[in-house]
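To be precise, the following lines are data_35.pdb, and they hold PDB, C-alpha atoms and all ligand atoms.
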```
ATOM      1  CA  MET P   3     102.011  92.625 162.678
ATOM      2  CA  ALA P   4     104.173  95.437 163.990
ATOM      3  CA  ALA P   5     107.940  95.292 163.650
ATOM      4  CA  ALA P   6     109.725  93.098 166.169
ATOM      5  CA  MET P   7     109.982  94.829 169.496
ATOM      6  CA  SER P   8     112.766  94.646 171.984
ATOM      7  CA  TRP P   9     112.365  93.065 175.379
ATOM      8  CA  GLU P  10     112.571  96.482 177.062
ATOM      9  CA  PRO P  11     109.182  97.548 178.431
ATOM     10  CA  ASP P  12     107.765 100.087 176.021
ATOM     11  CA  GLU P  13     107.115 103.444 177.613
ATOM     12  CA  SER P  14     105.486 104.817 174.479
ATOM     13  CA  ALA P  15     101.828 105.560 175.154
ATOM     14  CA  SER P  16     101.058 105.158 171.480
ATOM     15  CA  ARG P  17     102.091 101.523 171.141
ATOM     16  CA  ASN P  18      99.133  99.283 170.733
ATOM     17  CA  ALA P  19     100.457  96.569 168.470
ATOM     18  CA  ALA P  20     101.572  92.998 169.011
ATOM     19  CA  PRO P  21     105.236  92.200 169.420
ATOM     20  CA  SER P  22     106.311  89.989 166.573
ATOM     21  CA  PRO P  23     106.481  87.066 166.844
ATOM     22  CA  ASP P  24     104.170  87.089 169.822
ATOM     23  CA  VAL P  25     105.006  84.806 172.725
ATOM     24  CA  ALA P  26     101.893  82.899 173.761
ATOM     25  CA  VAL P  27     101.601  81.076 177.100
ATOM     26  CA  VAL P  28      99.051  78.287 177.328
ATOM     27  CA  THR P  29      98.485  76.890 180.815
ATOM     28  CA  GLY P  30      97.528  73.245 180.755
ATOM     29  CA  GLY P  31      99.073  73.332 177.313
ATOM     30  CA  ILE P  32      99.799  69.616 177.141
ATOM     31  CA  GLY P  33      96.153  68.678 177.781
ATOM     32  CA  GLY P  34      93.413  67.879 175.275
ATOM     33  CA  ILE P  35      92.189  71.381 174.487
ATOM     34  CA  GLY P  36      95.573  72.881 175.406
ATOM     35  CA  THR P  37      97.426  70.902 172.743
ATOM     36  CA  ALA P  38      95.035  72.027 170.026
ATOM     37  CA  VAL P  39      95.335  75.623 171.260
ATOM     38  CA  CYS P  40      99.146  75.411 171.109
ATOM     39  CA  ARG P  41      98.996  74.181 167.526
ATOM     40  CA  ALA P  42      96.507  76.855 166.466
ATOM     41  CA  LEU P  43      98.543  79.655 168.049
ATOM     42  CA  ALA P  44     101.735  78.363 166.457
ATOM     43  CA  ASP P  45      99.969  78.149 163.090
ATOM     44  CA  ALA P  46      99.055  81.823 163.589
ATOM     45  CA  GLY P  47     102.736  82.723 164.007
ATOM     46  CA  ASN P  48     103.137  82.745 167.781
ATOM     47  CA  ARG P  49     106.034  81.264 169.745
ATOM     48  CA  VAL P  50     104.196  78.979 172.122
ATOM     49  CA  VAL P  51     105.019  78.086 175.719
ATOM     50  CA  ALA P  52     102.924  75.255 177.144
ATOM     51  CA  THR P  53     102.815  74.754 180.881
ATOM     52  CA  TYR P  54     102.475  71.417 182.622
ATOM     53  CA  LEU P  55     102.175  70.241 186.208
ATOM     54  CA  PRO P  56     105.653  69.876 187.771
ATOM     55  CA  GLN P  57     104.988  66.189 188.510
ATOM     56  CA  GLU P  58     104.246  65.578 184.806
ATOM     57  CA  ALA P  59     107.740  66.359 183.523
ATOM     58  CA  GLU P  60     108.123  62.992 181.827
ATOM     59  CA  LEU P  61     104.760  63.313 180.121
ATOM     60  CA  ALA P  62     105.711  66.807 178.983
ATOM     61  CA  GLN P  63     108.918  65.499 177.400
ATOM     62  CA  CYS P  64     106.951  62.880 175.455
ATOM     63  CA  TRP P  65     104.458  65.552 174.428
ATOM     64  CA  LEU P  66     107.263  67.791 173.147
ATOM     65  CA  GLY P  67     108.672  64.879 171.151
ATOM     66  CA  ASP P  68     105.276  64.066 169.646
ATOM     67  CA  ARG P  69     104.725  67.692 168.694
ATOM     68  CA  ARG P  70     108.217  67.917 167.157
ATOM     69  CA  ALA P  71     107.309  64.926 165.014
ATOM     70  CA  GLU P  72     104.343  66.954 163.788
ATOM     71  CA  GLY P  73     106.660  69.884 162.988
ATOM     72  CA  TYR P  74     105.899  72.051 166.037
ATOM     73  CA  HIS P  75     108.706  73.433 168.189
ATOM     74  CA  PHE P  76     107.051  74.316 171.454
ATOM     75  CA  ILE P  77     108.602  75.243 174.763
ATOM     76  CA  ALA P  78     107.256  73.431 177.826
ATOM     77  CA  LEU P  79     107.664  74.783 181.350
ATOM     78  CA  PRO P  80     106.437  73.454 184.697
ATOM     79  CA  CYS P  81     103.862  75.450 186.614
ATOM     80  CA  ASP P  82     101.354  74.513 189.259
ATOM     81  CA  VAL P  83      98.804  77.189 188.417
ATOM     82  CA  ALA P  84      97.094  76.625 191.771
ATOM     83  CA  SER P  85     100.206  78.095 193.405
ATOM     84  CA  TYR P  86     100.965  81.798 193.295
ATOM     85  CA  GLU P  87     104.692  81.198 193.836
ATOM     86  CA  SER P  88     104.825  78.718 190.964
ATOM     87  CA  SER P  89     103.102  81.270 188.721
ATOM     88  CA  VAL P  90     105.597  83.964 189.723
ATOM     89  CA  ALA P  91     108.427  81.617 188.745
ATOM     90  CA  LEU P  92     106.760  80.806 185.416
ATOM     91  CA  ALA P  93     106.377  84.460 184.449
ATOM     92  CA  ARG P  94     109.980  85.242 185.385
ATOM     93  CA  THR P  95     111.305  82.310 183.383
ATOM     94  CA  VAL P  96     109.199  83.001 180.305
ATOM     95  CA  GLU P  97     109.929  86.697 180.178
ATOM     96  CA  SER P  98     113.652  86.314 180.810
ATOM     97  CA  THR P  99     114.292  83.321 178.547
ATOM     98  CA  VAL P 100     111.619  83.439 175.831
ATOM     99  CA  GLY P 101     110.422  87.026 175.592
ATOM    100  CA  PRO P 102     107.584  89.416 176.310
ATOM    101  CA  VAL P 103     104.252  87.672 176.453
ATOM    102  CA  GLY P 104     101.514  88.959 174.177
ATOM    103  CA  VAL P 105      99.007  86.117 174.531
ATOM    104  CA  LEU P 106      97.930  84.265 177.664
ATOM    105  CA  VAL P 107      95.481  81.381 177.532
ATOM    106  CA  ASN P 108      94.266  80.205 180.943
ATOM    107  CA  CYS P 109      93.363  76.671 179.987
ATOM    108  CA  ALA P 110      94.478  74.482 182.915
ATOM    109  CA  GLY P 111      91.557  72.790 184.576
ATOM    110  CA  ILE P 112      90.436  69.687 186.466
ATOM    111  CA  THR P 113      87.199  68.011 187.480
ATOM    112  CA  ARG P 114      86.255  66.348 190.766
ATOM    113  CA  ASP P 115      82.624  65.554 189.982
ATOM    114  CA  ARG P 116      80.404  64.694 192.938
ATOM    115  CA  THR P 117      76.975  65.749 194.131
ATOM    116  CA  LEU P 118      77.292  68.447 196.766
ATOM    117  CA  ALA P 119      75.870  66.183 199.459
ATOM    118  CA  LYS P 120      78.840  63.856 198.978
ATOM    119  CA  MET P 121      81.535  66.350 198.028
ATOM    120  CA  GLU P 122      84.619  66.482 200.234
ATOM    121  CA  PRO P 123      86.151  69.877 201.009
ATOM    122  CA  SER P 124      89.290  68.684 199.201
ATOM    123  CA  GLN P 125      87.251  68.178 195.997
ATOM    124  CA  TRP P 126      85.774  71.654 196.274
ATOM    125  CA  PHE P 127      89.056  73.413 196.992
ATOM    126  CA  ALA P 128      91.113  71.499 194.416
ATOM    127  CA  VAL P 129      88.761  72.562 191.641
ATOM    128  CA  LEU P 130      88.424  76.161 192.797
ATOM    129  CA  ARG P 131      92.181  76.539 193.206
ATOM    130  CA  THR P 132      93.102  74.970 189.898
ATOM    131  CA  ASN P 133      90.279  76.364 187.778
ATOM    132  CA  LEU P 134      89.678  79.816 189.261
ATOM    133  CA  ASP P 135      92.474  80.914 191.611
ATOM    134  CA  SER P 136      94.799  79.989 188.753
ATOM    135  CA  ALA P 137      93.414  82.802 186.619
ATOM    136  CA  PHE P 138      94.474  85.262 189.309
ATOM    137  CA  ASN P 139      97.808  83.560 189.986
ATOM    138  CA  VAL P 140      98.926  83.448 186.374
ATOM    139  CA  THR P 141      97.318  86.567 184.954
ATOM    140  CA  ARG P 142      98.536  88.699 187.857
ATOM    141  CA  ASN P 143     102.092  87.825 186.897
ATOM    142  CA  PHE P 144     101.776  88.655 183.200
ATOM    143  CA  ILE P 145      99.438  91.628 183.284
ATOM    144  CA  GLU P 146     101.981  94.267 184.281
ATOM    145  CA  GLY P 147     104.178  93.487 181.304
ATOM    146  CA  MET P 148     101.196  93.626 178.963
ATOM    147  CA  LEU P 149     100.095  96.961 180.417
ATOM    148  CA  ALA P 150     103.607  98.391 180.170
ATOM    149  CA  ARG P 151     103.804  97.343 176.524
ATOM    150  CA  ARG P 152     100.201  98.414 175.880
ATOM    151  CA  TYR P 153      99.352  95.123 174.228
ATOM    152  CA  GLY P 154      97.884  91.817 175.332
ATOM    153  CA  ARG P 155      95.364  89.113 174.548
ATOM    154  CA  ILE P 156      94.050  87.085 177.482
ATOM    155  CA  ILE P 157      91.694  84.189 176.849
ATOM    156  CA  ASN P 158      90.117  82.256 179.709
ATOM    157  CA  ILE P 159      88.723  78.805 179.037
ATOM    158  CA  SER P 160      85.386  78.595 180.812
ATOM    159  CA  SER P 161      82.721  75.953 180.135
ATOM    160  CA  VAL P 162      79.129  75.460 179.082
ATOM    161  CA  ASN P 163      78.652  74.169 182.610
ATOM    162  CA  GLY P 164      79.720  77.532 184.029
ATOM    163  CA  LEU P 165      76.772  78.979 182.108
ATOM    164  CA  LYS P 166      74.053  76.379 182.609
ATOM    165  CA  GLY P 167      75.174  74.447 185.711
ATOM    166  CA  GLN P 168      75.599  70.668 185.724
ATOM    167  CA  PHE P 169      74.515  67.860 188.024
ATOM    168  CA  GLY P 170      77.558  66.798 190.027
ATOM    169  CA  GLN P 171      79.595  69.918 189.275
ATOM    170  CA  THR P 172      78.891  72.601 191.879
ATOM    171  CA  ASN P 173      82.649  73.030 192.244
ATOM    172  CA  TYR P 174      83.498  73.089 188.531
ATOM    173  CA  SER P 175      80.489  75.201 187.518
ATOM    174  CA  SER P 176      81.265  77.729 190.256
ATOM    175  CA  ALA P 177      84.863  78.036 189.122
ATOM    176  CA  LYS P 178      83.945  78.298 185.433
ATOM    177  CA  ALA P 179      81.223  80.879 186.161
ATOM    178  CA  GLY P 180      83.731  82.754 188.321
ATOM    179  CA  LEU P 181      86.072  82.914 185.353
ATOM    180  CA  LEU P 182      83.414  84.856 183.462
ATOM    181  CA  GLY P 183      83.230  87.499 186.208
ATOM    182  CA  PHE P 184      87.017  87.633 186.244
ATOM    183  CA  THR P 185      87.033  88.063 182.461
ATOM    184  CA  ARG P 186      84.519  90.899 182.416
ATOM    185  CA  SER P 187      86.021  92.789 185.347
ATOM    186  CA  LEU P 188      89.587  92.565 184.085
ATOM    187  CA  ALA P 189      88.434  93.467 180.576
ATOM    188  CA  ARG P 190      87.105  96.762 181.944
ATOM    189  CA  GLU P 191      90.332  97.480 183.818
ATOM    190  CA  VAL P 192      92.736  96.912 180.967
ATOM    191  CA  ALA P 193      90.778  97.868 177.827
ATOM    192  CA  PRO P 194      92.232 101.394 177.687
ATOM    193  CA  HIS P 195      95.732  99.904 177.693
ATOM    194  CA  GLY P 196      95.509  97.737 174.604
ATOM    195  CA  VAL P 197      94.786  94.495 176.461
ATOM    196  CA  THR P 198      91.698  92.424 175.694
ATOM    197  CA  VAL P 199      90.257  89.746 177.971
ATOM    198  CA  ASN P 200      87.753  87.217 176.692
ATOM    199  CA  ALA P 201      86.362  83.815 177.574
ATOM    200  CA  VAL P 202      85.661  80.771 175.467
ATOM    201  CA  ALA P 203      83.014  78.446 176.877
ATOM    202  CA  PRO P 204      83.440  75.005 175.315
ATOM    203  CA  GLY P 205      80.790  72.346 175.489
ATOM    204  CA  TYR P 206      81.715  68.677 175.808
ATOM    205  CA  VAL P 207      84.975  68.134 173.939
ATOM    206  CA  ASP P 208      86.503  64.828 172.892
ATOM    207  CA  THR P 209      89.265  64.798 175.521
ATOM    208  CA  SER P 210      90.306  62.506 178.348
ATOM    209  CA  MET P 211      88.326  64.681 180.780
ATOM    210  CA  VAL P 212      85.079  63.938 178.995
ATOM    211  CA  LYS P 213      86.033  60.321 178.289
ATOM    212  CA  ALA P 214      86.311  59.880 182.071
ATOM    213  CA  ILE P 215      82.558  60.446 182.467
ATOM    214  CA  PRO P 216      80.867  57.059 182.910
ATOM    215  CA  GLU P 217      79.702  55.920 179.467
ATOM    216  CA  PRO P 218      75.939  55.838 180.057
ATOM    217  CA  ILE P 219      76.031  59.375 181.464
ATOM    218  CA  ARG P 220      78.239  60.563 178.609
ATOM    219  CA  GLU P 221      75.883  59.045 176.062
ATOM    220  CA  SER P 222      72.894  60.746 177.649
ATOM    221  CA  ILE P 223      74.766  64.075 177.505
ATOM    222  CA  VAL P 224      75.640  63.637 173.816
ATOM    223  CA  GLU P 225      71.957  62.954 173.128
ATOM    224  CA  GLN P 226      71.205  66.462 174.417
ATOM    225  CA  ILE P 227      73.675  68.169 172.047
ATOM    226  CA  PRO P 228      71.840  69.505 168.977
ATOM    227  CA  VAL P 229      74.906  68.997 166.768
ATOM    228  CA  GLY P 230      74.829  65.371 167.915
ATOM    229  CA  ARG P 231      78.466  64.785 168.830
ATOM    230  CA  LEU P 232      81.324  65.900 171.057
ATOM    231  CA  ALA P 233      83.435  68.840 169.914
ATOM    232  CA  ARG P 234      86.858  68.260 168.433
ATOM    233  CA  PRO P 235      89.581  70.138 170.350
ATOM    234  CA  GLU P 236      90.468  72.003 167.146
ATOM    235  CA  GLU P 237      86.971  73.486 167.090
ATOM    236  CA  ILE P 238      87.702  75.205 170.402
ATOM    237  CA  ALA P 239      91.263  76.133 169.483
ATOM    238  CA  ARG P 240      90.328  78.035 166.338
ATOM    239  CA  VAL P 241      88.140  80.373 168.405
ATOM    240  CA  VAL P 242      90.960  80.919 170.884
ATOM    241  CA  ALA P 243      93.330  81.759 168.029
ATOM    242  CA  PHE P 244      90.753  84.154 166.597
ATOM    243  CA  LEU P 245      90.538  86.026 169.920
ATOM    244  CA  ALA P 246      94.327  85.955 170.272
ATOM    245  CA  ALA P 247      94.871  87.723 166.964
ATOM    246  CA  GLU P 248      95.996  91.329 166.908
ATOM    247  CA  ALA P 249      93.045  92.105 164.614
ATOM    248  CA  SER P 250      90.556  91.075 167.343
ATOM    249  CA  GLY P 251      91.315  94.163 169.421
ATOM    250  CA  TYR P 252      87.719  95.375 169.475
ATOM    251  CA  ILE P 253      86.434  92.198 171.152
ATOM    252  CA  THR P 254      86.757  92.317 174.911
ATOM    253  CA  GLY P 255      84.773  91.062 177.894
ATOM    254  CA  ALA P 256      83.034  88.599 175.584
ATOM    255  CA  THR P 257      82.187  84.964 176.134
ATOM    256  CA  ILE P 258      82.098  82.851 173.002
ATOM    257  CA  SER P 259      80.232  79.558 173.366
ATOM    258  CA  VAL P 260      81.398  76.603 171.306
ATOM    259  CA  ASN P 261      79.010  73.948 172.532
ATOM    260  CA  GLY P 262      77.178  72.407 169.577
ATOM    261  CA  GLY P 263      73.981  74.112 170.731
ATOM    262  CA  LEU P 264      73.899  72.406 174.144
ATOM    263  CA  PHE P 265      73.161  75.764 175.762
ATOM    264  CA  MET P 266      72.017  78.835 173.885
ATOM    265  CA  ALA P 267      72.008  82.191 175.590
TER     266      ALA P 267
HETATM  267  N1  LIG Z   1      70.424  64.163 186.570
HETATM  268  C1  LIG Z   1      69.618  63.685 187.509
HETATM  269  N2  LIG Z   1      69.948  62.689 188.324
HETATM  270  C2  LIG Z   1      71.153  62.137 188.176
HETATM  271  C3  LIG Z   1      72.054  62.600 187.209
HETATM  272  C4  LIG Z   1      71.639  63.649 186.372
HETATM  273  N3  LIG Z   1      72.432  64.153 185.411
HETATM  274  N4  LIG Z   1      73.202  61.886 187.308
HETATM  275  C5  LIG Z   1      73.005  61.003 188.301
HETATM  276  N5  LIG Z   1      71.778  61.159 188.821
HETATM  277  C6  LIG Z   1      71.175  60.429 189.927
HETATM  278  C7  LIG Z   1      71.813  59.069 190.111
HETATM  279  O1  LIG Z   1      71.193  58.152 189.230
HETATM  280  C8  LIG Z   1      71.571  58.801 191.572
HETATM  281  O2  LIG Z   1      70.263  58.376 191.756
HETATM  282  P1  LIG Z   1      69.940  57.262 192.853
HETATM  283  O3  LIG Z   1      70.391  57.858 194.173
HETATM  284  O4  LIG Z   1      68.454  57.104 192.737
HETATM  285  O5  LIG Z   1      70.721  56.057 192.452
HETATM  286  C9  LIG Z   1      71.663  60.200 192.217
HETATM  287  O6  LIG Z   1      71.441  61.117 191.120
HETATM  288  C10 LIG Z   1      72.989  60.512 192.865
HETATM  289  O7  LIG Z   1      73.984  60.031 192.038
HETATM  290  P2  LIG Z   1      75.327  59.493 192.627
HETATM  291  O8  LIG Z   1      75.115  58.952 193.998
HETATM  292  O9  LIG Z   1      75.942  58.617 191.602
HETATM  293  O10 LIG Z   1      76.110  60.852 192.798
HETATM  294  P3  LIG Z   1      77.628  61.103 192.970
HETATM  295  O11 LIG Z   1      77.826  62.142 194.007
HETATM  296  O12 LIG Z   1      78.405  59.847 193.152
HETATM  297  O13 LIG Z   1      78.060  61.757 191.593
HETATM  298  C11 LIG Z   1      78.441  61.974 189.258
HETATM  299  C12 LIG Z   1      77.662  61.246 190.345
HETATM  300  C13 LIG Z   1      79.929  61.626 189.368
HETATM  301  C14 LIG Z   1      78.290  63.468 189.365
HETATM  302  C15 LIG Z   1      77.893  61.494 187.930
HETATM  303  O14 LIG Z   1      76.518  61.866 187.873
HETATM  304  C16 LIG Z   1      78.592  62.124 186.742
HETATM  305  O15 LIG Z   1      79.706  61.765 186.393
HETATM  306  N6  LIG Z   1      77.928  63.061 186.072
HETATM  307  C17 LIG Z   1      78.501  63.753 184.921
HETATM  308  C18 LIG Z   1      78.975  65.103 185.358
HETATM  309  C19 LIG Z   1      79.522  65.830 184.157
HETATM  310  O16 LIG Z   1      78.811  66.153 183.209
HETATM  311  N7  LIG Z   1      80.810  66.140 184.175
HETATM  312  C20 LIG Z   1      81.429  66.815 183.087
HETATM  313  C21 LIG Z   1      82.886  66.428 183.041
HETATM  314  S1  LIG Z   1      83.681  67.048 181.595
HETATM  315  C22 LIG Z   1      83.768  68.690 181.857
HETATM  316  O17 LIG Z   1      83.489  69.198 182.907
HETATM  317  C23 LIG Z   1      84.244  69.520 180.706
HETATM  318  C24 LIG Z   1      83.292  70.588 180.409
HETATM  319  O18 LIG Z   1      83.634  71.754 180.584
HETATM  320  C25 LIG Z   1      81.984  70.281 179.837
END
```
Could you quickly redo this structure as structure tokens?
Ligand code: CAA
Amino acid sequence: MAAAMSWEPDESASRNAAPSPDVAVVTGGIGGIGTAVCRALADAGNRVVATYLPQEAELAQCWLGDRRAEGYHFIALPCDVASYESSVALARTVESTVGPVGVLVNCAGITRDRTLAKMEPSQWFAVLRTNLDSAFNVTRNFIEGMLARRYGRIINISSVNGLKGQFGQTNYSSAKAGLLGFTRSLAREVAPHGVTVNAVAPGYVDTSMVKAIPEPIRESIVEQIPVGRLARPEEIARVVAFLAAEASGYITGATISVNGGLFMA
């Protein structure tokens, strides 16, 4: 790690090292995968800011308390990632009260599963706004700082279903596939400036999102997974932390699948 840097934007063209300790922002940080990502990034030495939906303030307080009991001292801030204005406010608050952000994990996501023939416009737009527009909303507000400091690690959480498609998920699969195009395009734009952009594509993870799938359908999905079980959130988080490390600077525009063999490409 480089020596601690000040909060002043670095004009030096030669800087290409992480501020220390790195501030890491994890959207959807209080969720199933998000929580494991927060822990893994903290274990790697980052100061972690988890975002939560503004209407989940009480839940976020409980989450902070539970994490403190585990020995983690996270910061939690409200942000509706589907809203550009909310993302502007998040970036301003983080950078003025916590510090320059070196790591951004776009993890917030929802499902509204329905076959297309039955899908309501609201189900389509909610998923696209939360799972794809969010990457623009949030990243747009952190990217300038990363470029100015010539350092950044951006990790977008996609999905196996963005790669292979899934019955009942035209909305979700479209958004998660869109994140891969976003990842590759942005990776090209910012690579010369010390910023990497990668995607992690989890399979079915043991979280409340997957538990919400009706049991017979969930069981039939697990039967198709060569490893024979759901992923543990930690198995996704360790890959995120790997990509977030300063030493991973030569990996960019990549998609790393962590899906138990459900889809191999
Ligand atoms: N393949 C083929 N046919 C299927 C099917 C499947 N996977 N699932 C259901 N069908 C059939 C149904 O049996 C039904 O047949 P009938 O009309 O003959 O009864 C027909 O297709 C239509 O089904 P529904 O009317 O029930 O359709 P629906 O619009 O109400 O939606 C559904 C059903 C909610 C999509 C349900 O199939 C489902 O929950 N599927 C699981 C979707 C899934 O995998 N979600 C992942 C959530 S977790 C996540 O997204 C995290 C991640 O990144 C992996």
Atom pair atom O13 of ligand LIG 1 (chain Z) + CA of Gly170 in chain P, distance 5.3 Å
Which one of P:Met148, P:Val107, P:Val260, P:Val212 sits closest to ligand LIG 1 (chain Z) if you count only C-alpha atoms and all ligand atoms?
->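 Comparing P:Met148, P:Val107, P:Val260, P:Val212 against ligand LIG 1 (chain Z), the winner is P:Val212.
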Would you be able to write out as an MDAnalysis selection string which residues have an atom within 12 Å of (76.7, 66.8, 167.3) in the file's coordinates, counting all atoms listed in the file?
-> chainID P and resid 205:208 221 223:234 260:264
Please, which residues in chain P fall within 9 Å of ligand LIG 1 (chain Z) when counting all atoms listed in the file, and what is the closest atom pair and distance in Å to one decimal for each, ordered by chain then residue number, as JSON lines?
```
{"residue": "P:Gly111", "atom": "CA", "partner": "Z:LIG1", "partner_atom": "C23", "distance": 8.9}
{"residue": "P:Ile112", "atom": "CA", "partner": "Z:LIG1", "partner_atom": "O17", "distance": 7.8}
{"residue": "P:Thr113", "atom": "CA", "partner": "Z:LIG1", "partner_atom": "O17", "distance": 6.0}
{"residue": "P:Arg114", "atom": "CA", "partner": "Z:LIG1", "partner_atom": "C13", "distance": 8.0}
{"residue": "P:Asp115", "atom": "CA", "partner": "Z:LIG1", "partner_atom": "C13", "distance": 4.8}
{"residue": "P:Arg116", "atom": "CA", "partner": "Z:LIG1", "partner_atom": "O11", "distance": 3.8}
{"residue": "P:Thr117", "atom": "CA", "partner": "Z:LIG1", "partner_atom": "O11", "distance": 3.7}
{"residue": "P:Leu118", "atom": "CA", "partner": "Z:LIG1", "partner_atom": "O11", "distance": 6.9}
{"residue": "P:Ala119", "atom": "CA", "partner": "Z:LIG1", "partner_atom": "O11", "distance": 7.1}
{"residue": "P:Lys120", "atom": "CA", "partner": "Z:LIG1", "partner_atom": "O11", "distance": 5.4}
{"residue": "P:Met121", "atom": "CA", "partner": "Z:LIG1", "partner_atom": "O11", "distance": 6.9}
{"residue": "P:Ile159", "atom": "CA", "partner": "Z:LIG1", "partner_atom": "O18", "distance": 8.8}
{"residue": "P:Ser160", "atom": "CA", "partner": "Z:LIG1", "partner_atom": "O18", "distance": 7.1}
{"residue": "P:Ser161", "atom": "CA", "partner": "Z:LIG1", "partner_atom": "O18", "distance": 4.3}
{"residue": "P:Val162", "atom": "CA", "partner": "Z:LIG1", "partner_atom": "C25", "distance": 6.0}
{"residue": "P:Asn163", "atom": "CA", "partner": "Z:LIG1", "partner_atom": "C25", "distance": 5.8}
{"residue": "P:Gly164", "atom": "CA", "partner": "Z:LIG1", "partner_atom": "O18", "distance": 7.8}
{"residue": "P:Gln168", "atom": "CA", "partner": "Z:LIG1", "partner_atom": "O16", "distance": 6.1}
{"residue": "P:Phe169", "atom": "CA", "partner": "Z:LIG1", "partner_atom": "N3", "distance": 5.0}
{"residue": "P:Gly170", "atom": "CA", "partner": "Z:LIG1", "partner_atom": "C14", "distance": 3.5}
{"residue": "P:Gln171", "atom": "CA", "partner": "Z:LIG1", "partner_atom": "C18", "distance": 6.2}
{"residue": "P:Tyr174", "atom": "CA", "partner": "Z:LIG1", "partner_atom": "O17", "distance": 6.8}
{"residue": "P:Ser175", "atom": "CA", "partner": "Z:LIG1", "partner_atom": "O17", "distance": 8.1}
{"residue": "P:Lys178", "atom": "CA", "partner": "Z:LIG1", "partner_atom": "O18", "distance": 8.2}
{"residue": "P:Ala203", "atom": "CA", "partner": "Z:LIG1", "partner_atom": "O18", "distance": 7.7}
{"residue": "P:Pro204", "atom": "CA", "partner": "Z:LIG1", "partner_atom": "O18", "distance": 6.2}
{"residue": "P:Gly205", "atom": "CA", "partner": "Z:LIG1", "partner_atom": "C25", "distance": 5.0}
{"residue": "P:Tyr206", "atom": "CA", "partner": "Z:LIG1", "partner_atom": "C25", "distance": 4.3}
{"residue": "P:Val207", "atom": "CA", "partner": "Z:LIG1", "partner_atom": "C23", "distance": 6.9}
{"residue": "P:Thr209", "atom": "CA", "partner": "Z:LIG1", "partner_atom": "S1", "distance": 8.6}
{"residue": "P:Ser210", "atom": "CA", "partner": "Z:LIG1", "partner_atom": "S1", "distance": 8.7}
{"residue": "P:Met211", "atom": "CA", "partner": "Z:LIG1", "partner_atom": "S1", "distance": 5.3}
{"residue": "P:Val212", "atom": "CA", "partner": "Z:LIG1", "partner_atom": "S1", "distance": 4.3}
{"residue": "P:Lys213", "atom": "CA", "partner": "Z:LIG1", "partner_atom": "S1", "distance": 7.9}
{"residue": "P:Ala214", "atom": "CA", "partner": "Z:LIG1", "partner_atom": "C21", "distance": 7.5}
{"residue": "P:Ile215", "atom": "CA", "partner": "Z:LIG1", "partner_atom": "O15", "distance": 5.0}
{"residue": "P:Pro216", "atom": "CA", "partner": "Z:LIG1", "partner_atom": "O15", "distance": 6.0}
{"residue": "P:Ile219", "atom": "CA", "partner": "Z:LIG1", "partner_atom": "C17", "distance": 6.1}
{"residue": "P:Arg220", "atom": "CA", "partner": "Z:LIG1", "partner_atom": "C17", "distance": 7.1}
{"residue": "P:Ser222", "atom": "CA", "partner": "Z:LIG1", "partner_atom": "N3", "distance": 8.5}
{"residue": "P:Ile223", "atom": "CA", "partner": "Z:LIG1", "partner_atom": "O16", "distance": 7.3}
{"residue": "P:Asn261", "atom": "CA", "partner": "Z:LIG1", "partner_atom": "C25", "distance": 8.7}
```
Atoms to include: C-alpha atoms. Write the selected residues as an mmCIF file, keeping the file's coordinate frame.
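Result saved to selection.cif:
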```cif
data_model
loop_
_atom_site.group_PDB
_atom_site.id
_atom_site.type_symbol
_atom_site.label_atom_id
_atom_site.label_comp_id
_atom_site.auth_asym_id
_atom_site.auth_seq_id
_atom_site.Cartn_x
_atom_site.Cartn_y
_atom_site.Cartn_z
ATOM 1 C CA GLY P 111 91.557 72.790 184.576
ATOM 2 C CA ILE P 112 90.436 69.687 186.466
ATOM 3 C CA THR P 113 87.199 68.011 187.480
ATOM 4 C CA ARG P 114 86.255 66.348 190.766
ATOM 5 C CA ASP P 115 82.624 65.554 189.982
ATOM 6 C CA ARG P 116 80.404 64.694 192.938
ATOM 7 C CA THR P 117 76.975 65.749 194.131
ATOM 8 C CA LEU P 118 77.292 68.447 196.766
ATOM 9 C CA ALA P 119 75.870 66.183 199.459
ATOM 10 C CA LYS P 120 78.840 63.856 198.978
ATOM 11 C CA MET P 121 81.535 66.350 198.028
ATOM 12 C CA ILE P 159 88.723 78.805 179.037
ATOM 13 C CA SER P 160 85.386 78.595 180.812
ATOM 14 C CA SER P 161 82.721 75.953 180.135
ATOM 15 C CA VAL P 162 79.129 75.460 179.082
ATOM 16 C CA ASN P 163 78.652 74.169 182.610
ATOM 17 C CA GLY P 164 79.720 77.532 184.029
ATOM 18 C CA GLN P 168 75.599 70.668 185.724
ATOM 19 C CA PHE P 169 74.515 67.860 188.024
ATOM 20 C CA GLY P 170 77.558 66.798 190.027
ATOM 21 C CA GLN P 171 79.595 69.918 189.275
ATOM 22 C CA TYR P 174 83.498 73.089 188.531
ATOM 23 C CA SER P 175 80.489 75.201 187.518
ATOM 24 C CA LYS P 178 83.945 78.298 185.433
ATOM 25 C CA ALA P 203 83.014 78.446 176.877
ATOM 26 C CA PRO P 204 83.440 75.005 175.315
ATOM 27 C CA GLY P 205 80.790 72.346 175.489
ATOM 28 C CA TYR P 206 81.715 68.677 175.808
ATOM 29 C CA VAL P 207 84.975 68.134 173.939
ATOM 30 C CA THR P 209 89.265 64.798 175.521
ATOM 31 C CA SER P 210 90.306 62.506 178.348
ATOM 32 C CA MET P 211 88.326 64.681 180.780
ATOM 33 C CA VAL P 212 85.079 63.938 178.995
ATOM 34 C CA LYS P 213 86.033 60.321 178.289
ATOM 35 C CA ALA P 214 86.311 59.880 182.071
ATOM 36 C CA ILE P 215 82.558 60.446 182.467
ATOM 37 C CA PRO P 216 80.867 57.059 182.910
ATOM 38 C CA ILE P 219 76.031 59.375 181.464
ATOM 39 C CA ARG P 220 78.239 60.563 178.609
ATOM 40 C CA SER P 222 72.894 60.746 177.649
ATOM 41 C CA ILE P 223 74.766 64.075 177.505
ATOM 42 C CA ASN P 261 79.010 73.948 172.532
#
```
